Amino acid sequence: MLDFNTVYIMAYRQIKRFFRARSRVIGSILNPVMWLIFFGLGWSSLFKAPMAKIMFYGLDYMSYLAPGVLMMTIFMSSFIGGVTVIWDKEFGYLKEVLVAPVSRTASIIGRALGETLTAMLQGVAILIAVLLIAPLLNPLGAPLALAVGLLVALSFTSMGITIASRMKSMEGFHMLVNLIMLPLVFLSGAIYPIDNMPLWMKGIAYVNPLTYGVDLARWLLTGVSQMDPVFDLTLLLVLTAVMIAIASYAFNKATIE
Amino acid sequence: MPREVVVAEGLTKVFDGFKAVDEVSFRVVEGEVFGFLGPNGAGKTTTINMLITLMKPTKGEAWINGYSVLKEPDKVRRSIGVVFQDSTVDRELTGWENMWIHGVTYKVPRDVLKRKIVDLLGFVELDKYAKTQVRNYSGGMVRRLEIARALLHEPEVLFLDEPTLGLDPQTRAKIWEYILELKRRTGMTIFLTTHYMDEAERLCDRVAIIDHGKILVVGSPEELKRMIGRDVVYVKAFDERSAKMLIGEVARRGLALSYASPSSNVVSFTVEDAHSFIPEVFEVSSRLGVHILEVKYSKPTLNDVFLHLTGRELRDESGSWMDFMRARMRRGFRRG
C-alpha cells in the first residue's frame, strides 16, 4: 500500500521550493516564450513558401512548432526537476529523507509528483501563450494535450531522478543537460520533422519518449500526426510506468556510501 | 536495572580492505549521555551511520530501543532523532516549513505538530526566525534548527554527530546549554561523537575513547582521568636526547606513574602529587646535567588520557579557527 502521507509531503516540499525560487518560475516561462517568438516567428517568415507547408505536413510553421514547444517546456522542467535530487545529495537533505521511517518508493513518487505539478503549471502558462500566438490551434484539444504533458513530465522526472541517484557529485550536471536534454529536444520532432533525418538520428528519435508525446500533442492541437495516436499513447503510458519503476528502484538503492 | 537503549556487538565496517570500525561493542542505558571521543577519521561517523541504518555493518550487529538495525531498520528509524555532522536542512524553505515537513513525514498529528513546532523553536530560540528562509540562517542557527527538528517526533535516543563542529565559541556554549537542558528536562538518551575533549567532559556521563576504529577505553570522564593519575606534569627539555635521559632516570627511580611524549623534547608525566614531583625532576636534571626549559602542571584532562593511551594528542580541543573555516568552506561558500 502506497504511503500517501509521504507522497503528499514530498510533493508539498517540491512545490514550496518551486515558488520560493522566483527566478526559476519566471525563467521557466520566459524561456519557451523566447523560443516561440524568436525561433518561431523568425523561421515562419522564411517558411512562407507553399513548398514549406508540405515539409510541415500542411501546417504553417508556428502551428507546427507550438505543440513542440509546449512539450519541450514540460520536458525540460520535469527533467531538471528530477535531476535536482543531486542537490539534495550535495546539500545533505537526502540523508534526512533516507533516515526517515517511510517507504523510499513513496517519497520518490511524491517528489516526482511535486516536480510534475510544477512542470504542469508552466505547461498551462505556455499553452495559453501558444494559443495566442498560433491561433490556428484547436483549443478543445488543449486539456488533453496537458494530460499528455503530465505523462511526459512523470516519465522525465523519473529519468532525472534515476540519473541523479547514480551520480556522485554535481559536477556532471551541466554536461548532463547539454548531452542529454538538447539532443532529446532536437530528436523529438518538436522543432523540425524527423522523416528526413539521417538514419542514425532517426533511430535515436524513435526510442526517445518525447517523440511520442510531441506527436500526440500535435495531433490533439492540430489534427496532424505522423504516427497512430493510439500507438503514441500506449507507448507513452508504458514508458512512463517503466521510468517510475526504474526511478524508485534506483532511489531505493541510493545510500550515502 | 536501567533499560539499554543502544547496544552494539562487534560492529565492524571495512571499506576496500580498510577497517574504519573494528569490532566495536558498547551499551548506552536510558537517560545517559554517551560520547565517542576520538580524532578525525577514528571511525565515529561510520559507527553512527551503522547505528542509524544508513550503512550496513560488514560484521557485527546493533540494537536500538530493542530493534535490530539489520532486521528492523524501519522500527529503528522511528526510534531515533539524528543531527548529522553536515547540515541536512532544506535551505530554500523556512525554519517552520522544515519542521512541518519533518513532522508530517514522521506522522505527528497535525494539531500536536503545530504546538510542538512552536515549543521547540522556542526552546532553541529560533521562534523569531520561524518564517525566515534557512539560507539566511547562520551556522549556529542551522544547527539549533536541526536539534529542534530531531526532537519533533520524540525519539527514544538522539544521535549528535560532532554537534559543535565548525561553530564559534559562543555558539558552541549555547549548543551545550541546550543539550544539558534537554537532558535535565526530559532525560533524553543521547549518543554523541566529538573530537573536542572539553565537549566530551562537559556533556557526557560516559565516554568511549576511540582511535583507528577501536574503542580503547570506556568510563566516566572522572574515571578516565583518575585512571592515569592525579596530576600531569609537562617538562620541556633542551632537546630529544635530554628528554630521553630524563625519562630514563625518572622511570628508574619510579617517580612517575606513567609518561608520554607528545613531541620530541616534551614529556608529560602523570604523578600522584605534582608538588613533590617537580623538585625531584629538578634534582634528577641537575644530577644528569640536563637543561629543563619549562615545567608546568595541571589536573589531567581527557586529552592527557588520550595521549597516554595512544602517544598522540587529540589536538584542537576548543573549536579552532581552522575547523571553523573548514566547515564554513564546506557549507556556506559553496554556492557563492
# chains A, B, ... in the order shown; residues from 1 in each chain; ligands from 1
$ interface_residues --of "chain B" --to "chain A" --cutoff "7 Å" --atoms "only C-alpha atoms" --output "list in words"
Leu54, Asp74, Arg77, Arg78, Asp86, Ser87, Thr88, Val89, Asp90, Glu92, Leu93, Ile101, Val104 and Thr105 of chain B
$ write_last_selection --atoms "N, CA, C and O atoms" --output "mmCIF file, in the first residue's frame"
data_model
loop_
_atom_site.group_PDB
_atom_site.id
_atom_site.type_symbol
_atom_site.label_atom_id
_atom_site.label_comp_id
_atom_site.auth_asym_id
_atom_site.auth_seq_id
_atom_site.Cartn_x
_atom_site.Cartn_y
_atom_site.Cartn_z
ATOM 1 N N LEU B 54 22.017 3.802 7.982
ATOM 2 C CA LEU B 54 22.409 4.336 6.684
ATOM 3 C C LEU B 54 23.533 3.522 6.049
ATOM 4 O O LEU B 54 23.814 3.659 4.878
ATOM 5 N N ASP B 74 13.168 -0.077 9.870
ATOM 6 C CA ASP B 74 12.085 0.898 9.967
ATOM 7 C C ASP B 74 11.750 1.235 11.412
ATOM 8 O O ASP B 74 11.501 2.393 11.742
ATOM 9 N N ARG B 77 14.458 3.409 12.723
ATOM 10 C CA ARG B 77 14.335 4.793 12.238
ATOM 11 C C ARG B 77 13.267 5.555 12.998
ATOM 12 O O ARG B 77 13.366 6.762 13.196
ATOM 13 N N ARG B 78 12.214 4.841 13.403
ATOM 14 C CA ARG B 78 11.168 5.517 14.165
ATOM 15 C C ARG B 78 11.647 5.877 15.571
ATOM 16 O O ARG B 78 11.086 6.763 16.205
ATOM 17 N N ASP B 86 27.159 17.346 8.787
ATOM 18 C CA ASP B 86 26.871 18.410 7.818
ATOM 19 C C ASP B 86 25.379 18.659 7.827
ATOM 20 O O ASP B 86 24.602 17.748 8.055
ATOM 21 N N SER B 87 24.998 19.898 7.546
ATOM 22 C CA SER B 87 23.587 20.236 7.699
ATOM 23 C C SER B 87 22.730 19.488 6.687
ATOM 24 O O SER B 87 23.156 19.201 5.571
ATOM 25 N N THR B 88 21.527 19.126 7.095
ATOM 26 C CA THR B 88 20.615 18.381 6.229
ATOM 27 C C THR B 88 19.252 19.071 6.156
ATOM 28 O O THR B 88 18.238 18.434 5.985
ATOM 29 N N VAL B 89 19.275 20.407 6.311
ATOM 30 C CA VAL B 89 18.012 21.136 6.196
ATOM 31 C C VAL B 89 17.833 21.590 4.750
ATOM 32 O O VAL B 89 18.775 21.622 3.976
ATOM 33 N N ASP B 90 16.595 21.932 4.404
ATOM 34 C CA ASP B 90 16.333 22.478 3.086
ATOM 35 C C ASP B 90 16.505 23.991 3.175
ATOM 36 O O ASP B 90 15.706 24.681 3.795
ATOM 37 N N GLU B 92 16.201 26.343 1.034
ATOM 38 C CA GLU B 92 15.254 27.195 0.315
ATOM 39 C C GLU B 92 13.978 27.429 1.126
ATOM 40 O O GLU B 92 13.227 28.360 0.863
ATOM 41 N N LEU B 93 13.719 26.542 2.086
ATOM 42 C CA LEU B 93 12.483 26.647 2.857
ATOM 43 C C LEU B 93 12.738 27.388 4.166
ATOM 44 O O LEU B 93 13.880 27.600 4.567
ATOM 45 N N ILE B 101 7.532 19.723 7.492
ATOM 46 C CA ILE B 101 7.741 18.565 6.612
ATOM 47 C C ILE B 101 8.250 17.372 7.412
ATOM 48 O O ILE B 101 7.782 16.249 7.239
ATOM 49 N N VAL B 104 5.253 15.954 9.557
ATOM 50 C CA VAL B 104 4.259 15.211 8.769
ATOM 51 C C VAL B 104 4.855 13.886 8.314
ATOM 52 O O VAL B 104 4.200 12.839 8.357
ATOM 53 N N THR B 105 6.122 13.916 7.890
ATOM 54 C CA THR B 105 6.789 12.681 7.469
ATOM 55 C C THR B 105 6.760 11.646 8.594
ATOM 56 O O THR B 105 6.522 10.472 8.360
#
$ select_by_dssp --residues "segment 127-329 of chain B" --states "alpha helix (DSSP H)" --output "PyMOL selection string"
chain B and resi 139-151+169-186+197-203+221-228+240-253+274-288+302-310+321-329
$ write_last_selection --atoms "C-alpha atoms" --output "compact mmCIF listing (two decimals), in the first residue's frame"
# COMPACT_ATOMS: atom_id res chain seq x y z
CA GLY B 139 25.75 28.13 11.02
CA GLY B 140 24.73 28.08 14.68
CA MET B 141 21.09 28.77 13.86
CA VAL B 142 21.04 25.92 11.36
CA ARG B 143 22.43 23.57 13.98
CA ARG B 144 19.84 24.70 16.51
CA LEU B 145 17.08 24.17 13.96
CA GLU B 146 18.37 20.67 13.32
CA ILE B 147 18.36 19.84 17.01
CA ALA B 148 14.77 21.10 17.31
CA ARG B 149 13.77 19.11 14.24
CA ALA B 150 15.34 15.90 15.53
CA LEU B 151 13.27 16.20 18.73
CA PRO B 169 32.96 29.51 20.85
CA GLN B 170 29.83 31.45 21.90
CA THR B 171 27.61 29.34 19.69
CA ARG B 172 29.22 26.15 20.99
CA ALA B 173 28.46 27.20 24.54
CA LYS B 174 24.86 27.83 23.52
CA ILE B 175 24.51 24.37 21.92
CA TRP B 176 25.97 22.79 25.07
CA GLU B 177 23.38 24.61 27.13
CA TYR B 178 20.56 23.19 25.00
CA ILE B 179 21.92 19.67 25.26
CA LEU B 180 22.32 19.90 29.05
CA GLU B 181 18.89 21.49 29.36
CA LEU B 182 17.39 18.73 27.25
CA LYS B 183 18.99 16.10 29.47
CA ARG B 184 17.79 17.85 32.62
CA ARG B 185 14.26 18.41 31.37
CA THR B 186 13.45 15.20 29.53
CA MET B 197 37.76 16.80 24.79
CA ASP B 198 36.17 19.73 26.62
CA GLU B 199 32.88 18.92 24.92
CA ALA B 200 33.06 15.28 26.00
CA GLU B 201 33.94 16.30 29.56
CA ARG B 202 31.19 18.84 29.77
CA LEU B 203 28.33 16.82 28.30
CA PRO B 221 35.33 11.43 32.39
CA GLU B 222 36.27 11.30 36.09
CA GLU B 223 37.13 7.60 35.99
CA LEU B 224 39.20 8.02 32.87
CA LYS B 225 41.19 10.88 34.31
CA ARG B 226 41.69 9.12 37.62
CA MET B 227 42.95 6.13 35.67
CA ILE B 228 46.12 7.96 34.66
CA GLU B 240 65.27 14.98 22.44
CA ARG B 241 68.38 13.38 23.93
CA SER B 242 67.99 15.16 27.25
CA ALA B 243 64.27 14.34 27.31
CA LYS B 244 65.14 10.66 26.84
CA MET B 245 67.71 10.83 29.67
CA LEU B 246 65.12 12.41 31.96
CA ILE B 247 62.56 9.72 31.16
CA GLY B 248 65.12 7.01 31.80
CA GLU B 249 66.13 8.33 35.19
CA VAL B 250 62.58 9.14 36.36
CA ALA B 251 61.47 5.66 35.35
CA ARG B 252 64.46 4.03 37.07
CA ARG B 253 63.65 5.80 40.32
CA ALA B 274 52.99 17.38 41.34
CA HIS B 275 54.24 19.41 44.32
CA SER B 276 56.71 16.76 45.36
CA PHE B 277 57.46 15.54 41.85
CA ILE B 278 58.64 18.89 40.45
CA PRO B 279 61.57 19.31 42.88
CA GLU B 280 62.50 15.71 42.21
CA VAL B 281 62.61 16.32 38.47
CA PHE B 282 64.92 19.30 39.00
CA GLU B 283 67.11 17.20 41.23
CA VAL B 284 67.30 14.50 38.55
CA SER B 285 68.05 17.01 35.82
CA SER B 286 70.88 18.71 37.69
CA ARG B 287 72.39 15.33 38.50
CA LEU B 288 72.21 14.37 34.81
CA LEU B 302 40.75 13.73 28.56
CA ASN B 303 43.44 14.93 26.17
CA ASP B 304 46.04 13.54 28.61
CA VAL B 305 44.11 10.29 28.78
CA PHE B 306 44.19 10.07 25.00
CA LEU B 307 47.86 11.00 24.94
CA HIS B 308 48.74 8.30 27.44
CA LEU B 309 46.71 5.68 25.58
CA THR B 310 47.96 6.45 22.09
CA TRP B 321 39.68 28.62 13.64
CA MET B 322 40.91 26.04 11.18
CA ASP B 323 37.94 23.80 11.96
CA PHE B 324 35.60 26.73 11.79
CA MET B 325 36.90 27.83 8.40
CA ARG B 326 36.96 24.31 7.04
CA ALA B 327 33.33 23.80 7.93
CA ARG B 328 32.41 27.20 6.51
CA MET B 329 34.10 26.36 3.23
$ select_by_dssp --residues "segment 190-328 of chain B" --states "strand (DSSP E)" --output "PyMOL selection string"
chain B and resi 190-194+206-211+214-219+231-237+258-263+266-271+292-298
$ residues_around --residues "Met76 of chain A" --least-positions-apart "3" --cutoff "10 Å" --atoms "only C-alpha atoms" --output "NGL selection string"
:A and (28 or 71-73 or 79-82 or 119 or 153 or 156-157 or 177 or 181-182 or 184-185)
$ residues_around --residues "Pro50 of chain A" --least-positions-apart "6" --cutoff "12 Å" --atoms "only C-alpha atoms" --output "PDB file with C-alpha atoms, in the first residue's frame"
ATOM      1  CA  SER A  44       7.945  31.077 -40.019  1.00  0.00           C
ATOM      2  CA  PHE A  56       5.405  20.555 -42.064  1.00  0.00           C
ATOM      3  CA  TYR A  57       2.510  18.297 -43.082  1.00  0.00           C
ATOM      4  CA  GLY A  58       0.387  21.180 -44.337  1.00  0.00           C
ATOM      5  CA  LEU A  59       0.792  23.262 -41.196  1.00  0.00           C
ATOM      6  CA  ASP A  60       2.214  26.758 -41.005  1.00  0.00           C
ATOM      7  CA  TYR A  61       5.467  26.639 -39.066  1.00  0.00           C
TER       8      TYR A  61
END
$ closest_atom_pairs --of "segment 156-233 of chain A" --to "segment 133-139 of chain A" --cutoff "12 Å" --atoms "only C-alpha atoms" --output "tab-separated table"
residue	atom	partner	partner_atom	distance
A:Ala217	CA	A:Asn138	CA	11.0
A:Arg218	CA	A:Leu137	CA	9.3
A:Trp219	CA	A:Asn138	CA	9.8
A:Leu220	CA	A:Asn138	CA	7.6
A:Leu221	CA	A:Asn138	CA	5.0
A:Thr222	CA	A:Leu137	CA	5.6
A:Gly223	CA	A:Asn138	CA	8.2
A:Val224	CA	A:Leu137	CA	10.8
$ closest_residue --among "B:Thr12, B:Asn136, B:Asn40, B:Thr94" --to "Met55 of chain B" --atoms "only C-alpha atoms"
B:Thr12
